[in-house]
Amino acid sequence: MNNPNKKRLRRTMMFLNCQKPGLIKDPYIYQPDSIMLDLEDAVAEKEKDAARYSLYHALQEIDYRGVEKVVRINGLDTGLWREDIRCAVAGGCDSIRLPKTETPKDVEMVEQAIDSAEQEFGIPKGKILIIAALESAKGVLNAGAICSSSERLFGIALSGGDYTKDLQTTLSGTGVELMGARQHMIIAARAAGVQCFDTVHTNLDDMEGFRREVQIIHDMGFDGKSIINPRQIPIVHEIYTPKPKEIIFAEKVVREIDEKKAQGIGVFTVDGKMIDIAFYDGAKRTLALAKASGVYDGEL
Amino acid sequence: MEIKKPAVAGTLESSDCMVTVEPGGNGVEFDLESAVIRQYGYQIRKVTMETLERLGVKNVKIRMVDKGALDCTIKARVECACYRANEYKGYLPWGGVIR
Amino acid sequence: MINAVGREIPDEILKITGKEPFQGNFYKEGKIFTKAGPSIRPVMDNRHSKLLKSIREALEKCGAHDGMTVSFHHHFREGDLIVNMVMKEIHAMGLKDITICASSLGKAHDPLVPMIEDGTITNIESSGVRGKIGESISKGKLKGLAIMRSHGGRVRAITTGESKIDIAFIGSPTCDDYGNCRGIGGKADCGVLSYAIVDGNHANYCVAITDCLVPYPNLPAHISQTKIDYVVVVDEIGIPSKIATGAAKPTTDQRKLLMAQYCTDVVVNTPWFKDGFSYQTGVGGASIASTQYLAEIMRERNIKMGFGVGGLTKAMCKLLDDGMARVMLDVQDFDLDAVANLRNVNHHRITAGAYANPLNKGAFVNKLDYVVLASLEVDVHFNCNVVVGSDGMITGAQGGHPDTAQGAKCAIVICPLLQGRIPAICTDVTTVTTPGESIDVVVTDYGVAVNPARQDILEALKACGKVPLKTIEELRDIAYSIVGEPRKVEFGERVVGIIEARDGTIMDVVREAKEFKFED
């Protein structure tokens, strides 16, 4: 099972309440990388059933124009999650987001449910991916094991609200209470070769604070961020867009390494910097990101 | 499918519709209120009738207050109201009569 | 007869109105005509007092009669009290067959509906109508025809004598006892009296109504004592909170911000965006946001606006205060900041005629580089509808839409692709109010379409690579693929209104609305 979508670009993953037809009808005009159609927290208890019908038909009939369709199911501690998975898989989602993940076992249960749903609805085995949200101290501590719990798992995401409650603190705005989790999670994700996503920023009046937070998680190595409003998209994309200087440098690095490798040279300099083969993947990633951001149309 | 009791689904928000079903004894009695009835009245009725037919609902009084819902929302609300009225709690036939 | 925008204008209507069908924007270019003038009742006696005790007395002194035409301005917007106050007296006098010639009518004037139904009011000439009056006209309650004309078109109709005003009632925020009217100050401060200037010049009788009588002389007068027959003081002429509201909060709706960004990209990447350019925009969230985006780029590139014009808002006036625009030309003020900004010496009042009358010797709109407009519907011929709603009811006003769209070198319409389920970009608009030949660019949340007649704009936008270009047909097809193709709204046979082109020809007719019923 080698699903190429595991590595797709996911700078912005936007939550949308499945129960709001006005929200789910055309979020693609804002060009998020992924939408996360929510059956969990955003949906009132007595509308859980209604949200599924909306989800199914939206997935079936709305052309999301290449935006990844992730469905956030209800937690494993509810009686809802199995039917959520059936509905999402039958509708044709791309991925399932599992909330409150604490152990690799949680991911395995979801994986089994997806397996049987894929079979039931005639979907190629392995098409549907998983993202695990870590929302507790236990979940964050188990990040390493969770990251390698399933072939379907493309990444882990921090859910800061519940996590800080578990830590017996609150979101301060400085990020200090999330420091450990963020650092631990990105290390765990990279060690397992999966992606890592930051928590939502809920204060829409504080766009400056949002920008600072995105800059921090970008610099820490995160692949992207969960977001709650389309206004947040341009800011994330701007910060994740490689600067012209970085693009030119990456282009040189790729060209030089290709050339020097042929000549059997291992270490050399580009613009006065010592370069070796270890720079290759990073430079390739920069160019891919630049291409996706629409600022590079070179051939590399 | 039998409509056992009155049930409601949907809201009056923009792009949504509110569907009320009640047991009926006289086939499908459809009542529609919509700001776009002139442009989409026939289409809304067609989608509603097809959905009821798939569900096998033969006798129902169905009232819809539409706020510019797309076809996918109309189907979802009609299905939801009918399953609620039928008090069905089991696994749903996604891709079967729900499609 | 089919006119130049492909609309069937019934011969019967051409006959009873004596009008011609629309034949293109420049049909009357250079055609000489003679202006009409009012009948004047001179005042030479220095003991004559113009102050009257009541509107009733004014009506009597002005010879109010069955079948007369009375006129009003709409500077008090939804806070207007004048129209209802005057019409109540006319109704009480038992007069019939009245024509109302207003620069616009809104929801504030819902109380006129019973007077339409009982035959007091039988004709309405206005930029448009909202609320219950629109509904009443669409349901066929008005005995005569409603004529919808643009701000420039109204001035044209009055100066050519097509509309003859018997009595003009001019709500004036301040006035002296000899009739010098000013739009500024007082309780109902609306800043300017631009729409009423033509009434002052052409009505047989002019009555100033004020709630703030000031010592003589009230100068500089916006409408002079030489035009005013009588002055009536009342308790209240308008509701201040509904006249000029606080400046609208900047929108946070990303859909509008997206369209604002596209709009700004269109402006800054077309050839007229250079030092000294001219610009008009509206009051919608996207328009205001695009003005703010534009200001950033003007700063970056050190480009200053030559003049801004129109109904003005805080966003436009700020450009003037920040030294980024040379002058602002004011026909109407939408917020308190715009009213207050009239203190700036470079903020000039202009008349509606100077602004937009197509048959004067050149209006300000002719000198516009850019105008940013809204629309209920735009069709694949770029025709716009800003008057008739998707339910077939008259629900909007032409305002300066056709005037500025024709005048500007680059007329941009912003509208979201879908209004609820209604596709704003469609095959044929319900009613044509602004002809496609005037519209150059359509900005939607799904992309931007350029009128193929404007290859120059298309080339410029292609070259910049920043604007998501689509053809207008593509936009329509996207809309239809999402919401389905709408059925044509069905109307009754009877014509209830006329959409008049700027030059007085007929752009389209509005027919009686029909109740919807499933036909099987």
# chains A, B, ... in the order shown; residues from 1 in each chain; ligands from 1
call {"tool": "interface_residues", "arguments": {"of": "chain B", "to": "chain C", "cutoff": "12 Å", "atoms": "only C-alpha atoms", "output": "JSON list (two decimals) with C-alpha atoms, in the first residue's frame"}}
result
[["chain", "number", "residue", "atom", "x", "y", "z"],
["B", 13, "GLU", "CA", -30.45, 29.44, 7.37],
["B", 14, "SER", "CA", -29.41, 30.60, 3.92],
["B", 15, "SER", "CA", -28.62, 27.68, 1.55],
["B", 16, "ASP", "CA", -30.57, 25.27, 3.79],
["B", 17, "CYS", "CA", -34.16, 24.09, 3.83],
["B", 30, "PHE", "CA", -46.09, 18.30, -1.14],
["B", 31, "ASP", "CA", -46.09, 21.92, -0.03],
["B", 32, "LEU", "CA", -43.22, 24.21, -0.97],
["B", 33, "GLU", "CA", -42.27, 27.71, 0.12],
["B", 34, "SER", "CA", -39.15, 29.11, -1.52],
["B", 35, "ALA", "CA", -37.71, 32.47, -2.53],
["B", 36, "VAL", "CA", -36.45, 30.77, -5.69],
["B", 37, "ILE", "CA", -39.65, 28.90, -6.50],
["B", 38, "ARG", "CA", -40.00, 30.70, -9.85],
["B", 39, "GLN", "CA", -36.58, 29.51, -11.02],
["B", 40, "TYR", "CA", -36.24, 26.21, -9.18],
["B", 41, "GLY", "CA", -39.70, 25.14, -7.96],
["B", 42, "TYR", "CA", -39.97, 22.29, -10.45],
["B", 43, "GLN", "CA", -36.42, 21.11, -9.80],
["B", 44, "ILE", "CA", -36.95, 21.13, -6.02],
["B", 45, "ARG", "CA", -40.15, 19.17, -6.39],
["B", 46, "LYS", "CA", -38.50, 16.66, -8.72],
["B", 47, "VAL", "CA", -35.60, 16.02, -6.33],
["B", 66, "ASP", "CA", -36.47, 26.43, 1.21],
["B", 67, "LYS", "CA", -33.78, 29.08, 1.62],
["B", 68, "GLY", "CA", -31.93, 28.44, -1.62],
["B", 69, "ALA", "CA", -30.70, 24.92, -0.83],
["B", 70, "LEU", "CA", -28.80, 22.95, -3.47],
["B", 71, "ASP", "CA", -30.14, 19.57, -4.59],
["B", 72, "CYS", "CA", -27.68, 17.71, -2.34],
["B", 73, "THR", "CA", -29.04, 19.54, 0.71]]
call {"tool": "closest_atom_pairs", "arguments": {"of": "chain B", "to": "chain A", "cutoff": "12 Å", "atoms": "only C-alpha atoms", "output": "tab-separated table"}}
result
residue	atom	partner	partner_atom	distance
B:Val8	CA	A:Ala50	CA	10.3
B:Ala9	CA	A:Ala50	CA	7.2
B:Gly10	CA	A:Ala50	CA	7.8
B:Thr11	CA	A:Lys20	CA	9.0
B:Leu12	CA	A:Lys20	CA	10.8
B:Glu13	CA	A:Gly22	CA	8.0
B:Ser14	CA	A:Gly22	CA	6.5
B:Ser15	CA	A:Gly22	CA	5.1
B:Asp16	CA	A:Pro21	CA	5.8
B:Cys17	CA	A:Pro21	CA	9.2
B:Met18	CA	A:Ala50	CA	11.7
B:Val19	CA	A:Ala50	CA	11.7
B:Lys67	CA	A:Gly22	CA	10.3
B:Gly68	CA	A:Gly22	CA	9.6
B:Ala69	CA	A:Pro21	CA	7.5
B:Leu70	CA	A:Lys25	CA	8.3
B:Asp71	CA	A:Glu61	CA	8.7
B:Cys72	CA	A:His57	CA	5.2
B:Thr73	CA	A:Ser54	CA	6.1
B:Ile74	CA	A:Ser54	CA	9.0
B:Lys75	CA	A:His57	CA	7.6
B:Ala76	CA	A:Tyr53	CA	4.7
B:Arg77	CA	A:Ala50	CA	7.3
B:Val78	CA	A:Tyr53	CA	9.4
B:Glu79	CA	A:Tyr53	CA	7.3
B:Cys80	CA	A:Ala50	CA	5.7
B:Ala81	CA	A:Ala50	CA	8.5
B:Cys82	CA	A:Ala50	CA	11.0
B:Tyr83	CA	A:Asp49	CA	9.4
B:Arg84	CA	A:Asp49	CA	8.9
B:Glu87	CA	A:Asp49	CA	11.7
B:Tyr88	CA	A:Asp49	CA	10.9
B:Lys89	CA	A:Asp49	CA	9.6
B:Gly90	CA	A:Glu83	CA	9.2
B:Tyr91	CA	A:Glu83	CA	6.8
B:Leu92	CA	A:Glu83	CA	8.0
B:Pro93	CA	A:Cys87	CA	9.1
B:Trp94	CA	A:Ala90	CA	6.2
B:Gly95	CA	A:Ala90	CA	6.6
B:Gly96	CA	A:Phe121	CA	9.9
B:Ile98	CA	A:Tyr53	CA	8.4
B:Arg99	CA	A:His57	CA	7.2
call {"tool": "select_by_dssp", "arguments": {"residues": "chain B", "states": "strand (DSSP E)", "output": "count of residues only"}}
result
24
call {"tool": "select_by_dssp", "arguments": {"residues": "stretch 10-233 of chain A", "states": "alpha helix (DSSP H)", "output": "PyMOL selection string"}}
result
chain A and resi 21-24+48-61+81-91+104-120+137-141+143-147+160-166+179-192+207-220+233
call {"tool": "write_last_selection", "arguments": {"atoms": "C-alpha atoms", "output": "short mmCIF file (atom, residue, chain, number, x, y, z; two decimals), in the first residue's frame"}}
result
data_model
loop_
_atom_site.label_atom_id
_atom_site.label_comp_id
_atom_site.auth_asym_id
_atom_site.auth_seq_id
_atom_site.Cartn_x
_atom_site.Cartn_y
_atom_site.Cartn_z
CA PRO A 21 -24.94 23.81 3.88
CA GLY A 22 -23.81 27.40 3.32
CA LEU A 23 -20.30 26.53 4.52
CA ILE A 24 -19.74 23.27 2.70
CA LYS A 48 -25.44 14.04 14.51
CA ASP A 49 -27.70 12.03 12.22
CA ALA A 50 -28.56 15.03 10.03
CA ALA A 51 -24.90 15.91 9.54
CA ARG A 52 -24.21 12.49 7.99
CA TYR A 53 -26.84 12.86 5.25
CA SER A 54 -25.42 16.29 4.44
CA LEU A 55 -21.91 14.91 4.42
CA TYR A 56 -22.75 11.99 2.17
CA HIS A 57 -24.49 14.06 -0.50
CA ALA A 58 -21.95 16.87 -0.34
CA LEU A 59 -19.13 14.38 -0.94
CA GLN A 60 -21.10 12.76 -3.74
CA GLU A 61 -22.34 15.85 -5.55
CA TRP A 81 -17.77 6.70 14.86
CA ARG A 82 -18.36 3.44 12.95
CA GLU A 83 -21.36 4.81 11.07
CA ASP A 84 -19.45 8.07 10.54
CA ILE A 85 -16.75 6.07 8.77
CA ARG A 86 -19.26 4.12 6.66
CA CYS A 87 -20.91 7.36 5.58
CA ALA A 88 -17.63 9.16 4.81
CA VAL A 89 -16.12 6.25 2.92
CA ALA A 90 -19.29 5.61 0.92
CA GLY A 91 -19.49 9.32 0.09
CA PRO A 104 -1.72 3.04 18.35
CA LYS A 105 -4.66 0.73 19.14
CA ASP A 106 -7.08 3.62 18.49
CA VAL A 107 -5.67 4.06 15.00
CA GLU A 108 -5.85 0.31 14.37
CA MET A 109 -9.55 0.24 15.25
CA VAL A 110 -10.23 3.03 12.79
CA GLU A 111 -8.13 1.30 10.18
CA GLN A 112 -10.18 -1.89 10.52
CA ALA A 113 -13.43 0.06 10.17
CA ILE A 114 -12.08 1.76 7.05
CA ASP A 115 -10.95 -1.60 5.65
CA SER A 116 -14.42 -3.04 5.93
CA ALA A 117 -16.10 0.14 4.65
CA GLU A 118 -13.82 0.19 1.61
CA GLN A 119 -14.79 -3.40 0.98
CA GLU A 120 -18.52 -2.77 1.54
CA ALA A 137 -0.84 14.31 27.47
CA LYS A 138 -1.08 10.57 26.92
CA GLY A 139 -1.66 10.99 23.20
CA VAL A 140 1.26 13.38 22.83
CA LEU A 141 3.55 11.07 24.81
CA ALA A 143 3.17 10.27 19.38
CA GLY A 144 6.06 8.11 18.24
CA ALA A 145 4.10 4.88 18.37
CA ILE A 146 1.00 6.49 16.87
CA CYS A 147 3.00 7.79 13.92
CA GLY A 160 -4.40 22.54 21.62
CA GLY A 161 -7.64 23.25 23.45
CA ASP A 162 -8.19 19.81 24.95
CA TYR A 163 -4.47 19.23 25.37
CA THR A 164 -3.98 22.31 27.57
CA LYS A 165 -7.00 21.31 29.67
CA ASP A 166 -5.34 17.95 30.21
CA MET A 179 6.06 24.18 23.37
CA GLY A 180 6.75 20.65 24.57
CA ALA A 181 3.95 19.04 22.59
CA ARG A 182 4.90 20.82 19.39
CA GLN A 183 8.55 19.94 19.72
CA HIS A 184 7.84 16.34 20.63
CA MET A 185 5.28 15.83 17.89
CA ILE A 186 7.33 17.22 15.04
CA ILE A 187 10.27 15.06 16.07
CA ALA A 188 8.05 11.97 16.28
CA ALA A 189 6.45 12.70 12.92
CA ARG A 190 9.74 13.24 11.13
CA ALA A 191 11.24 10.11 12.70
CA ALA A 192 8.33 8.10 11.26
CA MET A 207 -4.73 38.14 13.08
CA GLU A 208 -1.31 39.37 14.21
CA GLY A 209 -1.13 36.69 16.90
CA PHE A 210 -2.17 34.17 14.27
CA ARG A 211 0.60 35.31 11.95
CA ARG A 212 3.21 34.99 14.74
CA GLU A 213 1.98 31.50 15.57
CA VAL A 214 2.14 30.37 11.93
CA GLN A 215 5.67 31.75 11.60
CA ILE A 216 6.74 29.77 14.69
CA ILE A 217 5.29 26.45 13.57
CA HIS A 218 6.65 26.99 10.07
CA ASP A 219 10.12 27.53 11.48
CA MET A 220 9.73 24.45 13.71
CA ILE A 233 -5.65 30.91 4.52
#
call {"tool": "interface_residues", "arguments": {"of": "chain A", "to": "chain C", "cutoff": "7 Å", "atoms": "only C-alpha atoms", "output": "compact mmCIF listing (two decimals) with C-alpha atoms, in the first residue's frame"}}
result
# COMPACT_ATOMS: atom_id res chain seq x y z
CA ILE A 29 -12.87 29.22 -3.81
CA PRO A 230 -10.94 31.23 5.23
CA ARG A 231 -9.42 34.56 6.31
call {"tool": "residues_around", "arguments": {"residues": "C:Gly128", "least_positions_apart": "2", "cutoff": "6 Å", "atoms": "only C-alpha atoms", "output": "ChimeraX atom specification"}}
result
/C:104,126,148,396-397
call {"tool": "closest_residue", "arguments": {"among": "C:Lys314, C:Lys139, C:Arg299, C:Lys249", "to": "C:Gly285", "atoms": "only C-alpha atoms"}}
result
C:Lys249
call {"tool": "residues_around", "arguments": {"residues": "A:Lys291", "least_positions_apart": "4", "cutoff": "10 Å", "atoms": "only C-alpha atoms", "output": "number ranges by chain"}}
result
A: 241-242, 247, 285-287, 295-300
call {"tool": "atom_distance", "arguments": {"atom1": "atom CA of C:Thr427", "atom2": "atom CA of C:Val378"}}
result
8.4 Å
call {"tool": "residues_around", "arguments": {"residues": "A:Leu153", "least_positions_apart": "3", "cutoff": "8 Å", "atoms": "only C-alpha atoms", "output": "MDAnalysis selection string"}}
result
chainID A and resid 6 129:132 147:150 194
call {"tool": "write_last_selection", "arguments": {"atoms": "N, CA and C atoms", "output": "mmCIF file, in the first residue's frame"}}
result
data_model
loop_
_atom_site.group_PDB
_atom_site.id
_atom_site.type_symbol
_atom_site.label_atom_id
_atom_site.label_comp_id
_atom_site.auth_asym_id
_atom_site.auth_seq_id
_atom_site.Cartn_x
_atom_site.Cartn_y
_atom_site.Cartn_z
ATOM 1 N N LYS A 6 -0.316 10.461 0.567
ATOM 2 C CA LYS A 6 0.220 10.621 1.926
ATOM 3 C C LYS A 6 1.091 11.861 2.036
ATOM 4 N N LEU A 129 -7.011 7.586 3.699
ATOM 5 C CA LEU A 129 -5.910 7.795 4.642
ATOM 6 C C LEU A 129 -6.439 8.202 6.018
ATOM 7 N N ILE A 130 -5.517 8.276 6.974
ATOM 8 C CA ILE A 130 -5.897 8.644 8.344
ATOM 9 C C ILE A 130 -4.988 9.761 8.837
ATOM 10 N N ILE A 131 -5.577 10.685 9.560
ATOM 11 C CA ILE A 131 -4.792 11.648 10.325
ATOM 12 C C ILE A 131 -5.265 11.531 11.769
ATOM 13 N N ALA A 132 -4.315 11.455 12.696
ATOM 14 C CA ALA A 132 -4.659 11.273 14.102
ATOM 15 C C ALA A 132 -4.451 12.585 14.853
ATOM 16 N N CYS A 147 2.538 7.440 15.264
ATOM 17 C CA CYS A 147 3.004 7.787 13.916
ATOM 18 C C CYS A 147 3.299 6.561 13.059
ATOM 19 N N SER A 148 3.668 5.460 13.706
ATOM 20 C CA SER A 148 3.970 4.271 12.892
ATOM 21 C C SER A 148 2.946 3.166 13.120
ATOM 22 N N SER A 149 1.715 3.586 13.459
ATOM 23 C CA SER A 149 0.687 2.599 13.789
ATOM 24 C C SER A 149 -0.047 2.072 12.570
ATOM 25 N N SER A 150 0.014 2.794 11.452
ATOM 26 C CA SER A 150 -0.755 2.354 10.289
ATOM 27 C C SER A 150 -0.131 2.870 9.006
ATOM 28 N N VAL A 194 6.110 10.887 8.637
ATOM 29 C CA VAL A 194 4.754 11.367 8.366
ATOM 30 C C VAL A 194 4.687 12.878 8.612
#
call {"tool": "atom_distance", "arguments": {"atom1": "atom CA of C:Glu162", "atom2": "atom CA of C:His75"}}
result
23.2 Å
call {"tool": "residues_around", "arguments": {"residues": "stretch 24-26 of chain B", "least_positions_apart": "2", "cutoff": "9 Å", "atoms": "only C-alpha atoms", "output": "PyMOL selection string"}}
result
chain B and resi 3+21-22+28-29+58-62
call {"tool": "write_last_selection", "arguments": {"atoms": "N, CA and C atoms", "output": "mmCIF file, in the first residue's frame"}}
result
data_model
loop_
_atom_site.group_PDB
_atom_site.id
_atom_site.type_symbol
_atom_site.label_atom_id
_atom_site.label_comp_id
_atom_site.auth_asym_id
_atom_site.auth_seq_id
_atom_site.Cartn_x
_atom_site.Cartn_y
_atom_site.Cartn_z
ATOM 1 N N ILE B 3 -43.974 6.498 7.391
ATOM 2 C CA ILE B 3 -43.828 7.701 8.209
ATOM 3 C C ILE B 3 -44.688 7.485 9.455
ATOM 4 N N VAL B 21 -42.149 16.325 7.861
ATOM 5 C CA VAL B 21 -42.974 15.236 7.320
ATOM 6 C C VAL B 21 -43.979 14.794 8.393
ATOM 7 N N GLU B 22 -45.144 14.392 7.925
ATOM 8 C CA GLU B 22 -46.183 13.887 8.821
ATOM 9 C C GLU B 22 -46.813 12.684 8.144
ATOM 10 N N VAL B 28 -48.420 11.322 -1.772
ATOM 11 C CA VAL B 28 -47.488 12.361 -1.336
ATOM 12 C C VAL B 28 -48.171 13.723 -1.483
ATOM 13 N N GLU B 29 -48.315 14.415 -0.363
ATOM 14 C CA GLU B 29 -48.839 15.789 -0.431
ATOM 15 C C GLU B 29 -47.683 16.736 -0.174
ATOM 16 N N LYS B 58 -44.630 6.168 0.548
ATOM 17 C CA LYS B 58 -45.787 6.242 -0.343
ATOM 18 C C LYS B 58 -46.794 7.287 0.126
ATOM 19 N N ASN B 59 -46.946 7.358 1.444
ATOM 20 C CA ASN B 59 -47.941 8.285 1.989
ATOM 21 C C ASN B 59 -47.287 9.239 2.983
ATOM 22 N N VAL B 60 -47.327 10.509 2.635
ATOM 23 C CA VAL B 60 -46.681 11.492 3.516
ATOM 24 C C VAL B 60 -47.218 12.880 3.212
ATOM 25 N N LYS B 61 -47.321 13.677 4.267
ATOM 26 C CA LYS B 61 -47.530 15.116 4.075
ATOM 27 C C LYS B 61 -46.163 15.745 4.281
ATOM 28 N N ILE B 62 -45.642 16.333 3.235
ATOM 29 C CA ILE B 62 -44.294 16.901 3.358
ATOM 30 C C ILE B 62 -44.332 18.391 3.038
#
call {"tool": "residues_around", "arguments": {"residues": "C:Thr17", "least_positions_apart": "5", "cutoff": "12 Å", "atoms": "only C-alpha atoms", "output": "ChimeraX atom specification"}}
result
/C:9-12,144-147,162-163,497-498,500,504-506
call {"tool": "atom_distance", "arguments": {"atom1": "atom CA of A:Gly75", "atom2": "atom CA of A:Lys100"}}
result
6.5 Å
